[in-house]
>>> print(open('model27.cif').read())   # mmCIF, C-alpha atoms
data_entry
loop_
_atom_site.label_atom_id
_atom_site.label_comp_id
_atom_site.auth_asym_id
_atom_site.auth_seq_id
_atom_site.Cartn_x
_atom_site.Cartn_y
_atom_site.Cartn_z
CA MET A 158 0.00 0.00 0.00
CA GLU A 159 1.48 3.33 -1.11
CA HIS A 160 1.32 6.25 1.30
CA PHE A 161 -0.86 9.20 0.29
CA ILE A 162 1.04 12.38 -0.67
CA PRO A 163 -0.86 15.54 0.27
CA ASP A 164 -1.96 17.78 -2.62
CA ILE A 165 -0.94 21.41 -1.96
CA SER A 166 -1.71 22.67 -5.49
CA LYS A 167 -4.72 24.65 -4.24
CA GLU A 168 -2.56 26.47 -1.73
CA ILE A 169 -0.06 27.31 -4.45
CA GLU A 170 -2.85 28.58 -6.71
CA GLN A 171 -4.27 30.65 -3.87
CA TYR A 172 -0.85 32.12 -3.22
CA ALA A 173 -0.47 33.05 -6.89
CA THR A 174 -3.87 34.76 -7.15
CA GLU A 175 -3.71 36.73 -3.91
CA THR A 176 -2.54 40.30 -4.18
CA VAL A 177 0.52 41.40 -2.26
CA PHE A 178 -1.56 44.06 -0.45
CA ASN A 179 -3.78 41.41 1.18
CA ARG A 180 -0.88 39.40 2.63
CA THR A 181 0.73 39.92 6.04
CA PRO A 182 3.92 38.58 7.68
CA ASP A 183 1.79 36.45 10.03
CA MET A 184 0.00 34.91 7.08
CA ILE A 185 3.30 34.14 5.38
CA ALA A 186 4.67 32.58 8.58
CA THR A 187 1.60 30.34 8.85
CA GLU A 188 2.06 29.18 5.26
CA ILE A 189 5.77 28.50 5.77
CA ASN A 190 5.13 26.50 8.93
CA SER A 191 2.42 24.51 7.16
CA ILE A 192 4.77 23.68 4.28
CA LYS A 193 7.50 22.75 6.77
CA SER A 194 5.16 20.37 8.54
CA GLN A 195 4.02 18.78 5.29
CA THR A 196 7.62 18.49 4.09
CA ARG A 197 8.61 16.77 7.33
CA ILE A 198 5.80 14.24 6.92
CA MET A 199 6.64 13.67 3.25
CA VAL A 200 10.32 13.06 4.04
CA LEU A 201 9.45 10.44 6.65
CA CYS A 202 6.85 8.89 4.36
CA ASN A 203 9.30 8.69 1.48
CA SER A 204 11.98 7.28 3.80
CA ILE A 205 9.58 4.50 4.74
CA GLU A 206 8.89 3.76 1.08
CA ILE A 207 12.61 3.74 0.26
CA GLY A 208 13.19 1.40 3.19
CA ARG A 209 10.42 -0.88 1.90
CA ARG A 210 12.12 -1.15 -1.47
CA LEU A 211 15.58 -1.66 0.05
CA VAL A 212 14.22 -4.62 2.02
CA GLU A 213 12.73 -5.99 -1.20
CA ALA A 214 15.99 -5.53 -3.14
CA LYS A 215 18.14 -7.11 -0.43
CA GLU A 216 16.02 -10.26 -0.49
CA MET A 217 16.58 -10.54 -4.25
CA LEU A 218 20.35 -10.01 -4.33
CA PRO A 219 22.83 -12.88 -4.00
CA HIS A 220 24.85 -13.13 -0.83
CA GLY A 221 27.76 -10.66 -0.82
CA GLU A 222 26.30 -8.35 -3.48
CA TRP A 223 24.34 -6.06 -1.15
CA GLY A 224 27.07 -3.51 -0.34
CA LYS A 225 28.19 -3.22 -3.97
CA TRP A 226 24.61 -2.77 -5.18
CA LEU A 227 23.98 0.00 -2.64
CA GLU A 228 27.08 1.89 -3.75
CA THR A 229 26.65 1.59 -7.50
CA SER A 230 22.86 1.62 -7.84
CA VAL A 231 21.50 4.04 -5.21
CA ASP A 232 24.63 5.67 -3.76
CA TYR A 233 23.83 4.64 -0.15
CA SER A 234 26.20 3.53 2.55
CA GLN A 235 25.20 0.39 4.45
CA SER A 236 24.53 2.44 7.62
CA THR A 237 22.14 4.75 5.73
CA ALA A 238 20.41 1.78 4.12
CA ASN A 239 20.11 0.06 7.49
CA ASN A 240 18.46 3.17 8.97
CA LEU A 241 15.99 3.39 6.10
CA MET A 242 15.09 -0.31 6.33
CA ARG A 243 14.65 -0.06 10.10
CA ILE A 244 12.42 3.00 9.65
CA PHE A 245 10.24 0.93 7.31
CA GLU A 246 10.22 -2.03 9.70
CA GLU A 247 9.45 0.08 12.77
CA TYR A 248 7.13 2.73 11.33
CA GLY A 249 5.81 1.36 8.05
CA ALA A 250 5.70 -2.44 8.18
CA THR A 251 2.11 -2.38 9.50
CA GLN A 252 0.97 0.04 6.79
CA LEU A 253 0.72 2.92 9.25
CA SER A 254 -1.10 5.88 7.72
CA LEU A 255 0.74 9.09 8.53
CA PHE A 256 -1.75 11.51 7.10
CA GLY A 257 -5.25 12.79 7.64
CA SER A 258 -7.94 11.55 10.00
CA GLU A 259 -6.91 7.90 9.45
CA ALA A 260 -3.58 8.35 11.23
CA LYS A 261 -3.17 5.69 13.92
CA SER A 262 -0.56 7.69 15.85
CA GLN A 263 -0.48 11.46 15.67
CA ALA A 264 2.69 11.52 17.76
CA ILE A 265 4.64 9.25 15.40
CA GLY A 266 3.09 10.79 12.33
CA SER A 267 4.62 14.20 13.13
CA LEU A 268 8.21 12.98 13.41
CA SER A 269 11.02 14.21 11.21
CA TYR A 270 13.42 11.77 9.59
CA THR A 271 16.24 12.48 12.07
CA GLN A 272 13.84 12.14 15.00
CA ALA A 273 12.53 8.86 13.63
CA VAL A 274 16.10 7.52 13.32
CA ALA A 275 16.97 8.63 16.85
CA LEU A 276 13.82 7.04 18.28
CA LEU A 277 14.79 3.67 16.84
CA GLY A 278 16.77 3.41 20.07
CA VAL A 279 13.50 3.27 22.05
CA PRO A 280 11.57 -0.05 22.02
CA ALA A 281 8.50 0.08 19.79
CA ASP A 282 6.07 -0.58 22.63
CA GLU A 283 7.49 2.35 24.61
CA ARG A 284 8.14 4.78 21.77
CA GLU A 285 4.82 6.60 21.62
CA LYS A 286 4.75 7.09 25.40
CA PHE A 287 8.29 8.48 25.24
CA ILE A 288 7.23 10.94 22.52
CA GLU A 289 4.23 12.07 24.56
CA GLU A 290 6.37 12.62 27.67
CA HIS A 291 8.93 14.79 25.85
CA ASP A 292 8.58 18.01 23.92
CA ILE A 293 9.90 16.44 20.70
CA ASP A 294 8.85 19.31 18.44
CA ASN A 295 11.06 21.76 20.32
CA MET A 296 14.06 19.45 20.77
CA SER A 297 17.13 19.35 18.57
CA THR A 298 18.40 15.98 17.38
CA ARG A 299 21.23 16.18 19.93
CA GLU A 300 18.79 16.95 22.74
CA LEU A 301 16.59 14.03 21.68
CA GLN A 302 19.58 11.69 21.59
CA GLN A 303 20.58 12.89 25.06
CA ALA A 304 17.05 12.27 26.38
CA ILE A 305 17.14 8.73 24.98
CA LYS A 306 20.59 8.19 26.51
CA GLU A 307 19.36 9.39 29.91
CA ARG A 308 16.37 7.04 29.62
CA ASP A 309 18.68 4.10 28.91
CA GLN A 310 20.95 5.07 31.82
CA ALA A 311 17.96 5.29 34.17
CA ILE A 312 16.75 1.84 33.10
CA LYS A 313 20.23 0.38 33.56
CA ALA A 314 20.58 2.03 36.99
CA LYS A 315 17.22 0.61 38.07
CA GLU A 316 18.17 -2.88 36.89
CA GLU A 317 21.45 -2.65 38.83
CA SER A 318 19.60 -1.36 41.89
CA ASP A 319 17.08 -4.18 41.67
CA LYS A 320 19.94 -6.69 41.50
CA LYS A 321 21.67 -5.10 44.52
CA LEU A 322 18.42 -5.23 46.45
CA GLN A 323 17.92 -8.89 45.55
CA ASP A 324 21.51 -9.69 46.54
CA ALA A 325 21.08 -7.86 49.86
CA ASN A 326 17.86 -9.73 50.63
CA ARG A 327 19.47 -13.04 49.69
CA ALA A 328 22.49 -12.30 51.91
CA ALA A 329 20.21 -11.30 54.78
CA GLU A 330 18.29 -14.58 54.48
CA GLU A 331 21.51 -16.61 54.48
CA LEU A 332 22.78 -14.77 57.54
CA LYS A 333 19.46 -15.32 59.27
CA LYS A 334 19.80 -19.07 58.67
CA ALA A 335 23.33 -19.00 60.06
CA GLN A 336 22.06 -17.18 63.17
CA GLN A 337 19.27 -19.67 63.69
CA GLN A 338 21.68 -22.60 63.37
CA ALA A 339 24.08 -20.99 65.86
CA LYS A 340 21.21 -20.34 68.28
CA GLN A 341 20.01 -23.96 68.06
CA GLU A 342 23.54 -25.24 68.63
CA ILE A 343 23.99 -22.98 71.66
CA ASP A 344 20.66 -24.08 73.14
CA LYS A 345 21.67 -27.72 72.68
CA LEU A 346 25.08 -27.19 74.26
CA GLN A 347 23.61 -25.26 77.20
CA THR A 348 21.21 -28.13 77.91
CA SER A 349 24.07 -30.65 77.77
CA LEU A 350 26.24 -28.42 80.00
CA ALA A 351 23.52 -28.18 82.62
CA GLU A 352 23.18 -31.97 82.62
CA ALA A 353 26.96 -32.39 82.95
CA LYS A 354 27.09 -29.96 85.89
CA THR A 355 24.30 -31.87 87.61
CA ALA A 356 26.16 -35.13 87.09
CA GLY A 357 29.48 -33.58 88.20
CA ASN A 358 31.25 -34.74 85.04
CA GLU A 359 34.16 -32.29 84.95
CA ASP A 360 35.69 -33.61 81.72
CA LYS A 361 32.42 -33.25 79.85
CA ILE A 362 31.87 -29.81 81.40
CA GLU A 363 35.21 -28.56 80.05
CA LYS A 364 34.53 -30.07 76.62
CA LEU A 365 31.08 -28.50 76.42
CA LYS A 366 32.44 -25.12 77.54
CA ALA A 367 34.94 -25.23 74.69
CA GLU A 368 32.20 -26.10 72.21
CA LEU A 369 30.06 -23.27 73.57
CA GLU A 370 32.91 -20.81 73.04
CA GLU A 371 33.23 -21.99 69.44
CA ALA A 372 29.45 -21.65 68.91
CA ASP A 373 29.62 -18.16 70.47
CA ALA A 374 32.36 -17.23 68.02
CA GLN A 375 30.23 -18.42 65.07
CA LEU A 376 27.27 -16.44 66.36
CA LEU A 377 29.44 -13.36 66.84
CA HIS A 378 30.73 -13.70 63.27
CA ALA A 379 27.18 -13.93 61.89
CA ASN A 380 26.14 -10.89 63.96
CA GLU A 381 29.11 -8.89 62.70
CA GLU A 382 28.28 -9.74 59.08
CA ILE A 383 24.68 -8.62 59.58
CA ASP A 384 25.89 -5.40 61.24
CA ASP A 385 28.20 -4.77 58.26
CA LEU A 386 25.37 -5.43 55.80
CA ASN A 387 23.08 -3.09 57.72
CA LYS A 388 25.72 -0.33 57.76
CA GLN A 389 26.30 -0.71 54.03
CA LEU A 390 22.59 -0.39 53.27
CA ILE A 391 22.33 2.70 55.46
CA SER A 392 25.49 4.44 54.21
CA LYS A 393 24.87 3.48 50.56
CA PRO A 394 21.13 2.91 50.21
CA VAL A 395 19.93 1.07 47.14
CA ASP A 396 18.52 3.66 44.73
CA VAL A 397 15.40 2.18 43.16
CA GLN A 398 13.08 4.45 41.20
CA ALA A 399 9.42 4.33 42.20
CA ALA A 400 10.28 2.09 45.15
CA ALA A 401 11.08 2.58 48.79
CA VAL A 402 14.77 3.09 49.56
CA VAL A 403 16.21 0.26 51.60
CA ASP A 404 17.78 1.88 54.68
CA LYS A 405 17.56 -1.06 57.09
CA LEU A 406 17.17 -4.80 57.25
CA PRO A 407 13.72 -6.37 57.29
CA GLU A 408 12.02 -6.08 60.69
CA GLU A 409 11.93 -9.86 61.12
CA ILE A 410 15.71 -10.09 60.77
CA GLU A 411 16.26 -7.09 63.06
CA ASN A 412 14.17 -8.81 65.77
CA GLU A 413 16.14 -12.01 65.32
CA LEU A 414 19.39 -10.07 65.58
CA ALA A 415 18.26 -8.42 68.81
CA GLU A 416 17.27 -11.79 70.27
CA LEU A 417 20.59 -13.36 69.37
CA ARG A 418 22.52 -10.42 70.78
CA GLN A 419 20.66 -10.88 74.06
CA LEU A 420 21.50 -14.58 73.96
CA LYS A 421 25.15 -13.74 73.41
CA GLN A 422 25.07 -11.30 76.33
CA ASN A 423 23.55 -13.99 78.58
CA ARG A 424 26.30 -16.39 77.57
CA GLN A 425 28.92 -13.77 78.43
CA ILE A 426 27.34 -13.25 81.87
CA GLU A 427 27.31 -17.00 82.48
CA LYS A 428 30.96 -17.23 81.44
CA TYR A 429 31.85 -14.37 83.79
CA SER A 430 30.03 -16.09 86.64
CA ASP A 431 32.03 -19.29 86.09
CA CYS A 432 35.30 -17.39 85.98
CA PHE A 433 34.42 -15.41 89.12
CA LYS A 434 33.66 -18.60 91.03
CA VAL A 435 37.00 -20.11 89.95
CA LEU A 436 38.80 -16.90 90.98
CA VAL A 437 37.23 -16.91 94.46
CA ALA A 438 38.06 -20.60 94.98
CA ASP A 439 41.66 -20.13 93.81
CA PHE A 440 42.10 -17.05 96.02
CA ARG A 441 40.97 -19.01 99.06
CA GLN A 442 43.53 -21.70 98.27
CA LEU A 443 46.19 -18.99 97.83
CA LEU A 444 45.42 -17.56 101.31
CA THR A 445 45.60 -21.03 102.84
CA SER A 446 48.98 -21.67 101.18
CA LEU A 447 50.27 -18.25 102.24
CA ALA A 448 49.31 -18.89 105.88
CA GLU A 449 51.11 -22.23 105.84
CA ILE A 450 54.27 -20.60 104.44
CA GLU A 451 54.21 -17.81 107.07
CA GLN A 452 53.85 -20.36 109.84
CA ALA A 453 56.84 -22.36 108.58
CA ASP A 454 59.03 -19.37 107.55
CA PRO A 455 57.76 -15.86 108.46
CA GLY A 456 60.40 -14.14 106.28
CA THR A 457 59.48 -16.07 103.15
CA GLY A 458 55.80 -15.72 103.97
CA GLU A 459 56.17 -11.91 104.18
CA LYS A 460 57.92 -11.84 100.81
CA TYR A 461 55.11 -13.86 99.15
CA LYS A 462 52.52 -11.68 100.87
CA HIS A 463 54.04 -8.53 99.32
CA ALA A 464 54.13 -10.28 95.91
CA THR A 465 50.45 -11.16 96.27
CA LEU A 466 49.56 -7.58 97.22
CA GLU A 467 51.49 -6.29 94.19
CA LEU A 468 49.58 -8.68 91.89
CA ILE A 469 46.26 -7.58 93.39
CA SER A 470 47.26 -3.93 92.93
CA GLN A 471 48.06 -4.52 89.25
CA MET A 472 44.81 -6.41 88.74
CA SER A 473 42.89 -3.59 90.39
CA ALA A 474 44.59 -1.03 88.15
CA ARG A 475 43.53 -2.95 85.02
CA LEU A 476 39.91 -2.92 86.17
#
>>> encode(input="model27.cif", output="structure tokens")
Amino acid sequence: MEHFIPDISKEIEQYATETVFNRTPDMIATEINSIKSQTRIMVLCNSIEIGRRLVEAKEMLPHGEWGKWLETSVDYSQSTANNLMRIFEEYGATQLSLFGSEAKSQAIGSLSYTQAVALLGVPADEREKFIEEHDIDNMSTRELQQAIKERDQAIKAKEESDKKLQDANRAAEELKKAQQQAKQEIDKLQTSLAEAKTAGNEDKIEKLKAELEEADAQLLHANEEIDDLNKQLISKPVDVQAAAVVDKLPEEIENELAELRQLKQNRQIEKYSDCFKVLVADFRQLLTSLAEIEQADPGTGEKYKHATLELISQMSARL
């Protein structure tokens, strides 16, 4: 189907018959702008028709003859021919009418050739919306190309942000699992330790205490990783357009972190209590030994007493 070329012969005839005295600069400007608009449409229409015929010719030519035919027959470079064929495929393959009341897209129908080429960089299903959102008529080709570039950059940034958000959520879930496993292991070890203390099994008590320290270290490592992840999200929030900025971990994970921190604190208090009891028992034994030494040799006992006081003084200073 050939595109309809507007007939402006009546306007030319009217221009020829009008007297100079009846014409005004505003009238002339209106006519010029009308001709410019029609010329723009005709150029795009003819570009579509040229593209249609280039596609037809390329299908007929043997392999390897396309570039030579373009140069010798129509004086086109391959890049120009590619643009014209893409214009046909994108704007004319569905027999789009660019003129009159039958136009399917007024926005696309008013494009210039250079605008149509530039807009090939926008997907077909998004092109008309892009045109409607930008003042295409008052944009230079460079400005239009920049707007398309900014659109592409925004889409790429959003895709990267979405990926970062997905990675952060995945990491948070993995850390949550590690915390839960550490918590379960600590609960199990605490139960076994209580049973060993009740039974008075000193060897098992020492073994379980060592395992608890290792479990505490694993829990501390998981907590530190979650703290680091949280700090990263706060200091460098994921920038996602039309979505809430992630500035903290999900509430469920935050609650779990708080619970595990409390568990860790309880374990530290229990460890301190054990150490304090050992310290008191050992100090009592030290006093007993010191008294026995003083009774056997007062001079040596006095020397050890001063050494003990010096140690206590240093310990007090460190507190």
>>> residues_around(input="model27.cif", residues="His291 in chain A", least_positions_apart="2", cutoff="12 Å", atoms="all atoms listed in the file", output="PyMOL selection string")
chain A and resi 264+276+284-289+293-297+300-305+308
>>> atom_distance(input="model27.cif", atom1="CA of Ala374 in chain A", atom2="CA of Asp324 in chain A")
25.2 Å
>>> residues_around(input="model27.cif", residues="Lys225 in chain A", least_positions_apart="5", cutoff="10 Å", atoms="only C-alpha atoms", output="list of chain:residue names")
A:Ser230, A:Val231, A:Asp232, A:Tyr233, A:Ser234, A:Gln235
>>> closest_residue(input="model27.cif", among="A:Pro182, A:Gly249, A:Gly224, A:Pro280", to="Ser204 in chain A", atoms="only C-alpha atoms")
A:Gly249
>>> residues_around(input="model27.cif", residues="range 356-367 of chain A", least_positions_apart="5", cutoff="9 Å", atoms="only C-alpha atoms", output="list in words")
Leu346, Gln347, Ser349, Leu350, Ala351, Ala372 and Lys428 of chain A
>>> closest_residue(input="model27.cif", among="A:Ala281, A:Gln195, A:Lys306, A:Gly458", to="Leu443 in chain A", atoms="all atoms listed in the file")
A:Gly458
>>> resolve_selection(input="model27.cif", expression="the PyMOL selection byres ((chain A and resi 210) around 12)", output="PDB file with C-alpha atoms, in the coordinates of the input")
ATOM      1  CA  GLU A 159       1.480   3.330  -1.110  1.00  0.00           C
ATOM      2  CA  ASN A 203       9.300   8.690   1.480  1.00  0.00           C
ATOM      3  CA  SER A 204      11.980   7.280   3.800  1.00  0.00           C
ATOM      4  CA  ILE A 205       9.580   4.500   4.740  1.00  0.00           C
ATOM      5  CA  GLU A 206       8.890   3.760   1.080  1.00  0.00           C
ATOM      6  CA  ILE A 207      12.610   3.740   0.260  1.00  0.00           C
ATOM      7  CA  GLY A 208      13.190   1.400   3.190  1.00  0.00           C
ATOM      8  CA  ARG A 209      10.420  -0.880   1.900  1.00  0.00           C
ATOM      9  CA  LEU A 211      15.580  -1.660   0.050  1.00  0.00           C
ATOM     10  CA  VAL A 212      14.220  -4.620   2.020  1.00  0.00           C
ATOM     11  CA  GLU A 213      12.730  -5.990  -1.200  1.00  0.00           C
ATOM     12  CA  ALA A 214      15.990  -5.530  -3.140  1.00  0.00           C
ATOM     13  CA  LYS A 215      18.140  -7.110  -0.430  1.00  0.00           C
ATOM     14  CA  GLU A 216      16.020 -10.260  -0.490  1.00  0.00           C
ATOM     15  CA  MET A 217      16.580 -10.540  -4.250  1.00  0.00           C
ATOM     16  CA  LEU A 227      23.980   0.000  -2.640  1.00  0.00           C
ATOM     17  CA  VAL A 231      21.500   4.040  -5.210  1.00  0.00           C
ATOM     18  CA  ALA A 238      20.410   1.780   4.120  1.00  0.00           C
ATOM     19  CA  LEU A 241      15.990   3.390   6.100  1.00  0.00           C
ATOM     20  CA  MET A 242      15.090  -0.310   6.330  1.00  0.00           C
ATOM     21  CA  ARG A 243      14.650  -0.060  10.100  1.00  0.00           C
ATOM     22  CA  ILE A 244      12.420   3.000   9.650  1.00  0.00           C
ATOM     23  CA  PHE A 245      10.240   0.930   7.310  1.00  0.00           C
ATOM     24  CA  GLU A 246      10.220  -2.030   9.700  1.00  0.00           C
ATOM     25  CA  GLY A 249       5.810   1.360   8.050  1.00  0.00           C
ATOM     26  CA  ALA A 250       5.700  -2.440   8.180  1.00  0.00           C
TER      27      ALA A 250
END
>>> atom_distance(input="model27.cif", atom1="CA of Gln375 in chain A", atom2="CA of Ala339 in chain A")
6.7 Å
>>> closest_residue(input="model27.cif", among="A:Ala379, A:Ile312, A:Ala353, A:Ile198", to="Leu332 in chain A", atoms="all atoms listed in the file")
A:Ala379
>>> atom_distance(input="model27.cif", atom1="CA of Thr237 in chain A", atom2="CA of Ile192 in chain A")
25.7 Å
>>> resolve_selection(input="model27.cif", expression="the PyMOL selection byres ((chain A and resi 335) around 12)", output="number ranges by chain")
A: 328-334, 336-342, 372, 375-383, 410, 413-414, 417
